[in-house]
Structures are given as C-alpha cells and as structure tokens.
file upload.pdb (PDB, N, CA and C atoms and all ligand atoms)
ATOM      1  N   MET A 131     101.276   1.218 123.729
ATOM      2  CA  MET A 131     102.046   0.092 123.203
ATOM      3  C   MET A 131     103.274   0.638 122.463
ATOM      4  N   ALA A 132     104.387   0.034 122.725
ATOM      5  CA  ALA A 132     105.633   0.485 122.100
ATOM      6  C   ALA A 132     105.675   0.076 120.634
ATOM      7  N   LYS A 133     106.153   0.979 119.820
ATOM      8  CA  LYS A 133     106.280   0.679 118.401
ATOM      9  C   LYS A 133     107.620  -0.025 118.163
ATOM     10  N   VAL A 134     107.540  -1.150 117.506
ATOM     11  CA  VAL A 134     108.783  -1.911 117.273
ATOM     12  C   VAL A 134     109.330  -1.550 115.901
ATOM     13  N   GLN A 135     110.565  -1.140 115.886
ATOM     14  CA  GLN A 135     111.231  -0.778 114.633
ATOM     15  C   GLN A 135     111.955  -2.013 114.093
ATOM     16  N   THR A 136     111.528  -2.508 112.951
ATOM     17  CA  THR A 136     112.198  -3.680 112.392
ATOM     18  C   THR A 136     113.137  -3.250 111.269
ATOM     19  N   ALA A 137     114.257  -3.891 111.191
ATOM     20  CA  ALA A 137     115.243  -3.559 110.162
ATOM     21  C   ALA A 137     114.733  -4.001 108.796
ATOM     22  N   GLU A 138     115.042  -3.204 107.777
ATOM     23  CA  GLU A 138     114.667  -3.552 106.401
ATOM     24  C   GLU A 138     115.394  -4.814 105.980
ATOM     25  N   LYS A 139     114.678  -5.717 105.350
ATOM     26  CA  LYS A 139     115.311  -6.960 104.901
ATOM     27  C   LYS A 139     116.173  -6.684 103.670
ATOM     28  N   ILE A 140     117.406  -7.033 103.762
ATOM     29  CA  ILE A 140     118.338  -6.830 102.650
ATOM     30  C   ILE A 140     118.947  -8.169 102.256
ATOM     31  N   GLU A 141     118.933  -8.452 100.966
ATOM     32  CA  GLU A 141     119.582  -9.663 100.468
ATOM     33  C   GLU A 141     120.938  -9.267  99.884
ATOM     34  N   ALA A 142     121.987  -9.663 100.537
ATOM     35  CA  ALA A 142     123.332  -9.291 100.091
ATOM     36  C   ALA A 142     124.056 -10.491  99.492
ATOM     37  N   THR A 143     124.718 -10.231  98.364
ATOM     38  CA  THR A 143     125.553 -11.244  97.722
ATOM     39  C   THR A 143     126.919 -10.611  97.494
ATOM     40  N   GLU A 144     127.977 -11.327  97.786
ATOM     41  CA  GLU A 144     129.290 -10.701  97.621
ATOM     42  C   GLU A 144     130.356 -11.701  97.208
ATOM     43  N   ASN A 145     131.405 -11.152  96.624
ATOM     44  CA  ASN A 145     132.628 -11.920  96.391
ATOM     45  C   ASN A 145     133.786 -11.032  96.861
ATOM     46  N   ALA A 146     134.989 -11.324  96.444
ATOM     47  CA  ALA A 146     136.145 -10.571  96.948
ATOM     48  C   ALA A 146     136.174  -9.134  96.440
ATOM     49  N   LYS A 147     135.475  -8.856  95.319
ATOM     50  CA  LYS A 147     135.569  -7.542  94.674
ATOM     51  C   LYS A 147     134.375  -6.634  94.904
ATOM     52  N   VAL A 148     133.201  -7.218  95.079
ATOM     53  CA  VAL A 148     131.982  -6.404  95.093
ATOM     54  C   VAL A 148     130.901  -7.036  95.973
ATOM     55  N   LYS A 149     130.047  -6.151  96.498
ATOM     56  CA  LYS A 149     128.887  -6.615  97.258
ATOM     57  C   LYS A 149     127.641  -5.982  96.636
ATOM     58  N   ILE A 150     126.658  -6.795  96.305
ATOM     59  CA  ILE A 150     125.401  -6.297  95.743
ATOM     60  C   ILE A 150     124.298  -6.525  96.771
ATOM     61  N   SER A 151     123.628  -5.447  97.144
ATOM     62  CA  SER A 151     122.559  -5.520  98.138
ATOM     63  C   SER A 151     121.226  -5.205  97.485
ATOM     64  N   ILE A 152     120.239  -6.040  97.748
ATOM     65  CA  ILE A 152     118.893  -5.857  97.179
ATOM     66  C   ILE A 152     117.894  -5.738  98.327
ATOM     67  N   ILE A 153     117.019  -4.745  98.235
ATOM     68  CA  ILE A 153     115.934  -4.603  99.204
ATOM     69  C   ILE A 153     114.660  -5.088  98.514
ATOM     70  N   PRO A 154     114.268  -6.340  98.747
ATOM     71  CA  PRO A 154     113.147  -6.924  98.003
ATOM     72  C   PRO A 154     111.850  -6.114  98.117
ATOM     73  N   ARG A 155     111.623  -5.505  99.247
ATOM     74  CA  ARG A 155     110.364  -4.761  99.434
ATOM     75  C   ARG A 155     110.281  -3.540  98.502
ATOM     76  N   PHE A 156     111.425  -2.983  98.154
ATOM     77  CA  PHE A 156     111.437  -1.813  97.276
ATOM     78  C   PHE A 156     111.345  -2.193  95.799
ATOM     79  N   CYS A 157     111.791  -3.404  95.458
ATOM     80  CA  CYS A 157     111.861  -3.809  94.052
ATOM     81  C   CYS A 157     110.467  -4.085  93.505
ATOM     82  N   LYS A 158     110.113  -3.343  92.434
ATOM     83  CA  LYS A 158     108.792  -3.565  91.855
ATOM     84  C   LYS A 158     108.870  -4.457  90.612
ATOM     85  N   GLY A 159     110.033  -5.004  90.349
ATOM     86  CA  GLY A 159     110.170  -5.980  89.279
ATOM     87  C   GLY A 159     110.098  -5.403  87.885
ATOM     88  N   CYS A 160     110.575  -4.174  87.707
ATOM     89  CA  CYS A 160     110.488  -3.520  86.400
ATOM     90  C   CYS A 160     111.496  -4.083  85.392
ATOM     91  N   GLU A 161     112.524  -4.764  85.891
ATOM     92  CA  GLU A 161     113.562  -5.406  85.056
ATOM     93  C   GLU A 161     114.516  -4.423  84.390
ATOM     94  N   ILE A 162     114.442  -3.148  84.737
ATOM     95  CA  ILE A 162     115.357  -2.164  84.137
ATOM     96  C   ILE A 162     116.808  -2.567  84.395
ATOM     97  N   CYS A 163     117.096  -2.924  85.631
ATOM     98  CA  CYS A 163     118.484  -3.275  85.974
ATOM     99  C   CYS A 163     118.930  -4.542  85.249
ATOM    100  N   VAL A 164     118.027  -5.498  85.119
ATOM    101  CA  VAL A 164     118.370  -6.763  84.450
ATOM    102  C   VAL A 164     118.744  -6.490  82.997
ATOM    103  N   LYS A 165     117.966  -5.618  82.338
ATOM    104  CA  LYS A 165     118.221  -5.312  80.923
ATOM    105  C   LYS A 165     119.452  -4.431  80.751
ATOM    106  N   LEU A 166     119.733  -3.572  81.723
ATOM    107  CA  LEU A 166     120.882  -2.663  81.618
ATOM    108  C   LEU A 166     122.205  -3.344  81.914
ATOM    109  N   CYS A 167     122.198  -4.321  82.764
ATOM    110  CA  CYS A 167     123.459  -4.943  83.176
ATOM    111  C   CYS A 167     124.164  -5.523  81.953
ATOM    112  N   PRO A 168     125.373  -5.052  81.658
ATOM    113  CA  PRO A 168     126.057  -5.477  80.435
ATOM    114  C   PRO A 168     126.591  -6.905  80.495
ATOM    115  N   THR A 169     126.638  -7.477  81.685
ATOM    116  CA  THR A 169     127.264  -8.801  81.802
ATOM    117  C   THR A 169     126.330  -9.855  82.421
ATOM    118  N   GLN A 170     125.040  -9.602  82.372
ATOM    119  CA  GLN A 170     124.040 -10.587  82.830
ATOM    120  C   GLN A 170     124.298 -11.094  84.258
ATOM    121  N   VAL A 171     124.565 -10.172  85.139
ATOM    122  CA  VAL A 171     124.747 -10.527  86.548
ATOM    123  C   VAL A 171     123.397 -10.783  87.212
ATOM    124  N   LEU A 172     122.376 -10.075  86.724
ATOM    125  CA  LEU A 172     121.078 -10.056  87.410
ATOM    126  C   LEU A 172     120.007 -10.825  86.637
ATOM    127  N   GLY A 173     119.023 -11.321  87.375
ATOM    128  CA  GLY A 173     117.887 -12.003  86.770
ATOM    129  C   GLY A 173     116.650 -11.758  87.615
ATOM    130  N   MET A 174     115.540 -12.337  87.206
ATOM    131  CA  MET A 174     114.291 -12.153  87.948
ATOM    132  C   MET A 174     113.845 -13.476  88.556
ATOM    133  N   GLU A 175     113.269 -13.386  89.750
ATOM    134  CA  GLU A 175     112.696 -14.567  90.394
ATOM    135  C   GLU A 175     111.474 -14.106  91.182
ATOM    136  N   MET A 176     110.342 -14.643  90.852
ATOM    137  CA  MET A 176     109.083 -14.257  91.517
ATOM    138  C   MET A 176     108.875 -12.733  91.478
ATOM    139  N   PHE A 177     109.144 -12.128  90.311
ATOM    140  CA  PHE A 177     108.914 -10.697  90.081
ATOM    141  C   PHE A 177     109.832  -9.788  90.896
ATOM    142  N   LYS A 178     110.928 -10.349  91.403
ATOM    143  CA  LYS A 178     111.927  -9.541  92.110
ATOM    144  C   LYS A 178     113.290  -9.811  91.480
ATOM    145  N   VAL A 179     114.159  -8.783  91.544
ATOM    146  CA  VAL A 179     115.497  -8.975  91.004
ATOM    147  C   VAL A 179     116.290  -9.900  91.926
ATOM    148  N   LYS A 180     117.207 -10.652  91.331
ATOM    149  CA  LYS A 180     118.124 -11.460  92.138
ATOM    150  C   LYS A 180     119.481 -11.512  91.432
ATOM    151  N   VAL A 181     120.510 -11.787  92.210
ATOM    152  CA  VAL A 181     121.852 -11.907  91.641
ATOM    153  C   VAL A 181     122.024 -13.330  91.115
ATOM    154  N   VAL A 182     122.372 -13.429  89.841
ATOM    155  CA  VAL A 182     122.548 -14.740  89.205
ATOM    156  C   VAL A 182     124.025 -15.146  89.215
ATOM    157  N   ASP A 183     124.904 -14.199  88.850
ATOM    158  CA  ASP A 183     126.334 -14.529  88.787
ATOM    159  C   ASP A 183     127.160 -13.295  89.137
ATOM    160  N   ILE A 184     127.440 -13.138  90.420
ATOM    161  CA  ILE A 184     128.133 -11.925  90.883
ATOM    162  C   ILE A 184     129.554 -11.833  90.329
ATOM    163  N   ASP A 185     130.160 -12.948  89.996
ATOM    164  CA  ASP A 185     131.532 -12.911  89.497
ATOM    165  C   ASP A 185     131.652 -12.205  88.146
ATOM    166  N   LYS A 186     130.525 -11.995  87.464
ATOM    167  CA  LYS A 186     130.557 -11.267  86.184
ATOM    168  C   LYS A 186     130.401  -9.755  86.365
ATOM    169  N   CYS A 187     130.189  -9.295  87.594
ATOM    170  CA  CYS A 187     129.935  -7.869  87.832
ATOM    171  C   CYS A 187     131.202  -7.048  87.606
ATOM    172  N   THR A 188     131.074  -6.018  86.789
ATOM    173  CA  THR A 188     132.196  -5.121  86.498
ATOM    174  C   THR A 188     132.122  -3.839  87.329
ATOM    175  N   VAL A 189     131.179  -3.769  88.247
ATOM    176  CA  VAL A 189     130.973  -2.610  89.118
ATOM    177  C   VAL A 189     130.762  -1.341  88.282
ATOM    178  N   CYS A 190     129.998  -1.464  87.218
ATOM    179  CA  CYS A 190     129.717  -0.311  86.356
ATOM    180  C   CYS A 190     128.689   0.632  86.986
ATOM    181  N   MET A 191     127.966   0.142  87.972
ATOM    182  CA  MET A 191     126.986   0.920  88.751
ATOM    183  C   MET A 191     125.682   1.223  88.010
ATOM    184  N   ALA A 192     125.526   0.721  86.790
ATOM    185  CA  ALA A 192     124.327   1.046  86.014
ATOM    186  C   ALA A 192     123.041   0.627  86.742
ATOM    187  N   CYS A 193     123.061  -0.528  87.360
ATOM    188  CA  CYS A 193     121.840  -1.012  88.029
ATOM    189  C   CYS A 193     121.447  -0.078  89.167
ATOM    190  N   GLU A 194     122.430   0.276  89.987
ATOM    191  CA  GLU A 194     122.119   1.153  91.128
ATOM    192  C   GLU A 194     121.655   2.531  90.657
ATOM    193  N   LEU A 195     122.351   3.071  89.671
ATOM    194  CA  LEU A 195     122.039   4.430  89.224
ATOM    195  C   LEU A 195     120.689   4.527  88.519
ATOM    196  N   ARG A 196     120.265   3.468  87.859
ATOM    197  CA  ARG A 196     119.047   3.533  87.055
ATOM    198  C   ARG A 196     117.819   2.916  87.722
ATOM    199  N   CYS A 197     117.999   2.261  88.850
ATOM    200  CA  CYS A 197     116.824   1.695  89.538
ATOM    201  C   CYS A 197     115.940   2.832  90.026
ATOM    202  N   PRO A 198     114.679   2.882  89.598
ATOM    203  CA  PRO A 198     113.808   3.977  90.007
ATOM    204  C   PRO A 198     113.341   3.882  91.457
ATOM    205  N   ASP A 199     113.597   2.762  92.091
ATOM    206  CA  ASP A 199     113.057   2.539  93.435
ATOM    207  C   ASP A 199     114.117   2.346  94.517
ATOM    208  N   PHE A 200     115.378   2.633  94.183
ATOM    209  CA  PHE A 200     116.472   2.520  95.163
ATOM    210  C   PHE A 200     116.465   1.147  95.840
ATOM    211  N   ALA A 201     116.308   0.122  95.009
ATOM    212  CA  ALA A 201     116.186  -1.243  95.547
ATOM    213  C   ALA A 201     117.466  -2.049  95.406
ATOM    214  N   ILE A 202     118.464  -1.507  94.702
ATOM    215  CA  ILE A 202     119.695  -2.268  94.504
ATOM    216  C   ILE A 202     120.904  -1.357  94.690
ATOM    217  N   PHE A 203     121.888  -1.857  95.428
ATOM    218  CA  PHE A 203     123.084  -1.076  95.753
ATOM    219  C   PHE A 203     124.328  -1.911  95.491
ATOM    220  N   VAL A 204     125.343  -1.271  94.916
ATOM    221  CA  VAL A 204     126.573  -1.957  94.578
ATOM    222  C   VAL A 204     127.728  -1.281  95.321
ATOM    223  N   ASP A 205     128.478  -2.069  96.052
ATOM    224  CA  ASP A 205     129.622  -1.542  96.789
ATOM    225  C   ASP A 205     130.892  -2.231  96.318
ATOM    226  N   LYS A 206     131.804  -1.411  95.798
ATOM    227  CA  LYS A 206     133.107  -1.937  95.389
ATOM    228  C   LYS A 206     133.955  -2.140  96.633
ATOM    229  N   LYS A 207     134.647  -3.262  96.707
ATOM    230  CA  LYS A 207     135.481  -3.526  97.891
ATOM    231  C   LYS A 207     136.917  -3.052  97.668
TER     232      LYS A 207
HETATM  233  S1  LIG A 301     115.508  -1.582  88.460
HETATM  234 FE1  LIG A 301     115.078  -1.604  90.667
HETATM  235  S2  LIG A 301     112.876  -1.949  90.832
HETATM  236 FE2  LIG A 301     113.471  -2.503  88.730
HETATM  237  S3  LIG A 301     113.853  -4.731  88.843
HETATM  238 FE3  LIG A 301     115.814  -3.676  89.205
HETATM  239  S4  LIG A 301     115.987  -3.500  91.461
HETATM  240 FE4  LIG A 301     113.844  -3.956  90.956
HETATM  241  S1  LIG A 302     127.189  -2.867  88.705
HETATM  242 FE1  LIG A 302     126.986  -3.133  86.452
HETATM  243  S2  LIG A 302     127.827  -5.171  86.039
HETATM  244 FE2  LIG A 302     127.388  -5.084  88.249
HETATM  245  S3  LIG A 302     125.298  -5.922  88.487
HETATM  246 FE3  LIG A 302     125.114  -3.678  88.273
HETATM  247  S4  LIG A 302     124.778  -3.297  86.076
HETATM  248 FE4  LIG A 302     125.599  -5.390  86.293
END

call {"tool": "encode", "arguments": {"input": "upload.pdb", "output": "structure tokens"}}
result
Amino acid sequence: MAKVQTAEKIEATENAKVKISIIPRFCKGCEICVKLCPTQVLGMEMFKVKVVDIDKCTVCMACELRCPDFAIFVDKK
C-alpha cells in the first residue's frame, strides 16, 4: 500500500506588512509567545495559539524565536 504524504496544516494570517504562520499540531499551548508579545497580537483558543490582531505586530520575532516547539513563524514582507 502506498504511503500518502499529507501536507502539514498551517494557519496563516497576513496583512500588507507581515505574515504569521501557525502549525496547530506543533503548538502545545504553553502561552510563552502570548506572554512575550509586546503588543498583544496573539491569544489562546482551545489551548492553541491564534492571531488576535495582526495589525499590531511589530515583527519583533520574539514569538518565533522563543517558541520551544517551532509552531509559529513570522515573515516580514
Ligand atoms: S510558544 Fe509555541 S507552543 Fe507555546 S503557545 Fe506559542 S506557538 Fe504554542
Ligand atoms: S513578531 Fe513580535 S509583535 Fe509580532 S506577533 Fe510575534 S511577538 Fe508579537
């Protein structure tokens, strides 16, 4: 039987300046990124991180750099 390779589910949110990508399967809901974000861009929903207000993102990269599970990525446009 052939093994089917499925793409990782990524939740992407973006505006003209930045794109934030979250891999829900990797997020263990530790809230480190939510507490570190200086402008309250992120929040929790059902024990997973979610983007609440992307327009407040300053692209400081703290969430991506400090996530222990590589579950959140920030791309400056
Ligand atoms: S730091 Fe990483 S694992 Fe923790 S809540 Fe944020 S995205 Fe999820
Ligand atoms: S890059 Fe900085 S401002 Fe943007 S969501 Fe992450 S911690 Fe918050």

call {"tool": "select_by_dssp", "arguments": {"input": "upload.pdb", "residues": "chain A", "states": "strand (DSSP E)", "output": "count of residues only"}}
result
22

call {"tool": "residues_around", "arguments": {"input": "upload.pdb", "residues": "stretch 131-140 of chain A", "least_positions_apart": "4", "cutoff": "6.5 Å", "atoms": "all atoms listed in the file", "output": "JSON list (two decimals) with N, CA and C atoms, in the frame of the given file"}}
result
[["chain", "number", "residue", "atom", "x", "y", "z"],
["A", 151, "SER", "N", 123.63, -5.45, 97.14],
["A", 151, "SER", "CA", 122.56, -5.52, 98.14],
["A", 151, "SER", "C", 121.23, -5.20, 97.48],
["A", 152, "ILE", "N", 120.24, -6.04, 97.75],
["A", 152, "ILE", "CA", 118.89, -5.86, 97.18],
["A", 152, "ILE", "C", 117.89, -5.74, 98.33],
["A", 153, "ILE", "N", 117.02, -4.74, 98.24],
["A", 153, "ILE", "CA", 115.93, -4.60, 99.20],
["A", 153, "ILE", "C", 114.66, -5.09, 98.51],
["A", 154, "PRO", "N", 114.27, -6.34, 98.75],
["A", 154, "PRO", "CA", 113.15, -6.92, 98.00],
["A", 154, "PRO", "C", 111.85, -6.11, 98.12],
["A", 155, "ARG", "N", 111.62, -5.50, 99.25],
["A", 155, "ARG", "CA", 110.36, -4.76, 99.43],
["A", 155, "ARG", "C", 110.28, -3.54, 98.50]]

call {"tool": "atom_distance", "arguments": {"input": "upload.pdb", "atom1": "atom CA of A:Val189", "atom2": "atom CA of A:Lys165"}}
result
15.4 Å

call {"tool": "residues_near_ligand", "arguments": {"input": "upload.pdb", "ligand": "ligand LIG 301 (chain A)", "cutoff": "7 Å", "atoms": "only N, CA and C atoms and all ligand atoms", "output": "compact mmCIF listing (two decimals) with N, CA and C atoms, in the coordinates of the input"}}
result
# COMPACT_ATOMS: atom_id res chain seq x y z
N ILE A 152 120.24 -6.04 97.75
CA ILE A 152 118.89 -5.86 97.18
C ILE A 152 117.89 -5.74 98.33
N ILE A 153 117.02 -4.74 98.24
CA ILE A 153 115.93 -4.60 99.20
C ILE A 153 114.66 -5.09 98.51
N PHE A 156 111.42 -2.98 98.15
CA PHE A 156 111.44 -1.81 97.28
C PHE A 156 111.34 -2.19 95.80
N CYS A 157 111.79 -3.40 95.46
CA CYS A 157 111.86 -3.81 94.05
C CYS A 157 110.47 -4.08 93.50
N LYS A 158 110.11 -3.34 92.43
CA LYS A 158 108.79 -3.56 91.86
C LYS A 158 108.87 -4.46 90.61
N GLY A 159 110.03 -5.00 90.35
CA GLY A 159 110.17 -5.98 89.28
C GLY A 159 110.10 -5.40 87.88
N CYS A 160 110.58 -4.17 87.71
CA CYS A 160 110.49 -3.52 86.40
C CYS A 160 111.50 -4.08 85.39
N GLU A 161 112.52 -4.76 85.89
CA GLU A 161 113.56 -5.41 85.06
C GLU A 161 114.52 -4.42 84.39
N ILE A 162 114.44 -3.15 84.74
CA ILE A 162 115.36 -2.16 84.14
C ILE A 162 116.81 -2.57 84.40
N CYS A 163 117.10 -2.92 85.63
CA CYS A 163 118.48 -3.28 85.97
C CYS A 163 118.93 -4.54 85.25
N VAL A 164 118.03 -5.50 85.12
CA VAL A 164 118.37 -6.76 84.45
C VAL A 164 118.74 -6.49 83.00
N PHE A 177 109.14 -12.13 90.31
CA PHE A 177 108.91 -10.70 90.08
C PHE A 177 109.83 -9.79 90.90
N LYS A 178 110.93 -10.35 91.40
CA LYS A 178 111.93 -9.54 92.11
C LYS A 178 113.29 -9.81 91.48
N VAL A 179 114.16 -8.78 91.54
CA VAL A 179 115.50 -8.98 91.00
C VAL A 179 116.29 -9.90 91.93
N CYS A 193 123.06 -0.53 87.36
CA CYS A 193 121.84 -1.01 88.03
C CYS A 193 121.45 -0.08 89.17
N ARG A 196 120.26 3.47 87.86
CA ARG A 196 119.05 3.53 87.06
C ARG A 196 117.82 2.92 87.72
N CYS A 197 118.00 2.26 88.85
CA CYS A 197 116.82 1.70 89.54
C CYS A 197 115.94 2.83 90.03
N PRO A 198 114.68 2.88 89.60
CA PRO A 198 113.81 3.98 90.01
C PRO A 198 113.34 3.88 91.46
N ASP A 199 113.60 2.76 92.09
CA ASP A 199 113.06 2.54 93.44
C ASP A 199 114.12 2.35 94.52
N PHE A 200 115.38 2.63 94.18
CA PHE A 200 116.47 2.52 95.16
C PHE A 200 116.46 1.15 95.84
N ALA A 201 116.31 0.12 95.01
CA ALA A 201 116.19 -1.24 95.55
C ALA A 201 117.47 -2.05 95.41
N ILE A 202 118.46 -1.51 94.70
CA ILE A 202 119.70 -2.27 94.50
C ILE A 202 120.90 -1.36 94.69

call {"tool": "residues_near_ligand", "arguments": {"input": "upload.pdb", "ligand": "ligand LIG 302 (chain A)", "cutoff": "6 Å", "atoms": "all atoms listed in the file", "output": "list in words"}}
result
Leu166, Cys167, Pro168, Thr169, Gln170, Val171, Leu172, Lys186, Cys187, Thr188, Val189, Cys190, Met191, Ala192, Cys193, Glu194 and Val204 of chain A

call {"tool": "atom_distance", "arguments": {"input": "upload.pdb", "atom1": "atom CA of A:Lys149", "atom2": "atom CA of A:Met176"}}
result
22.0 Å
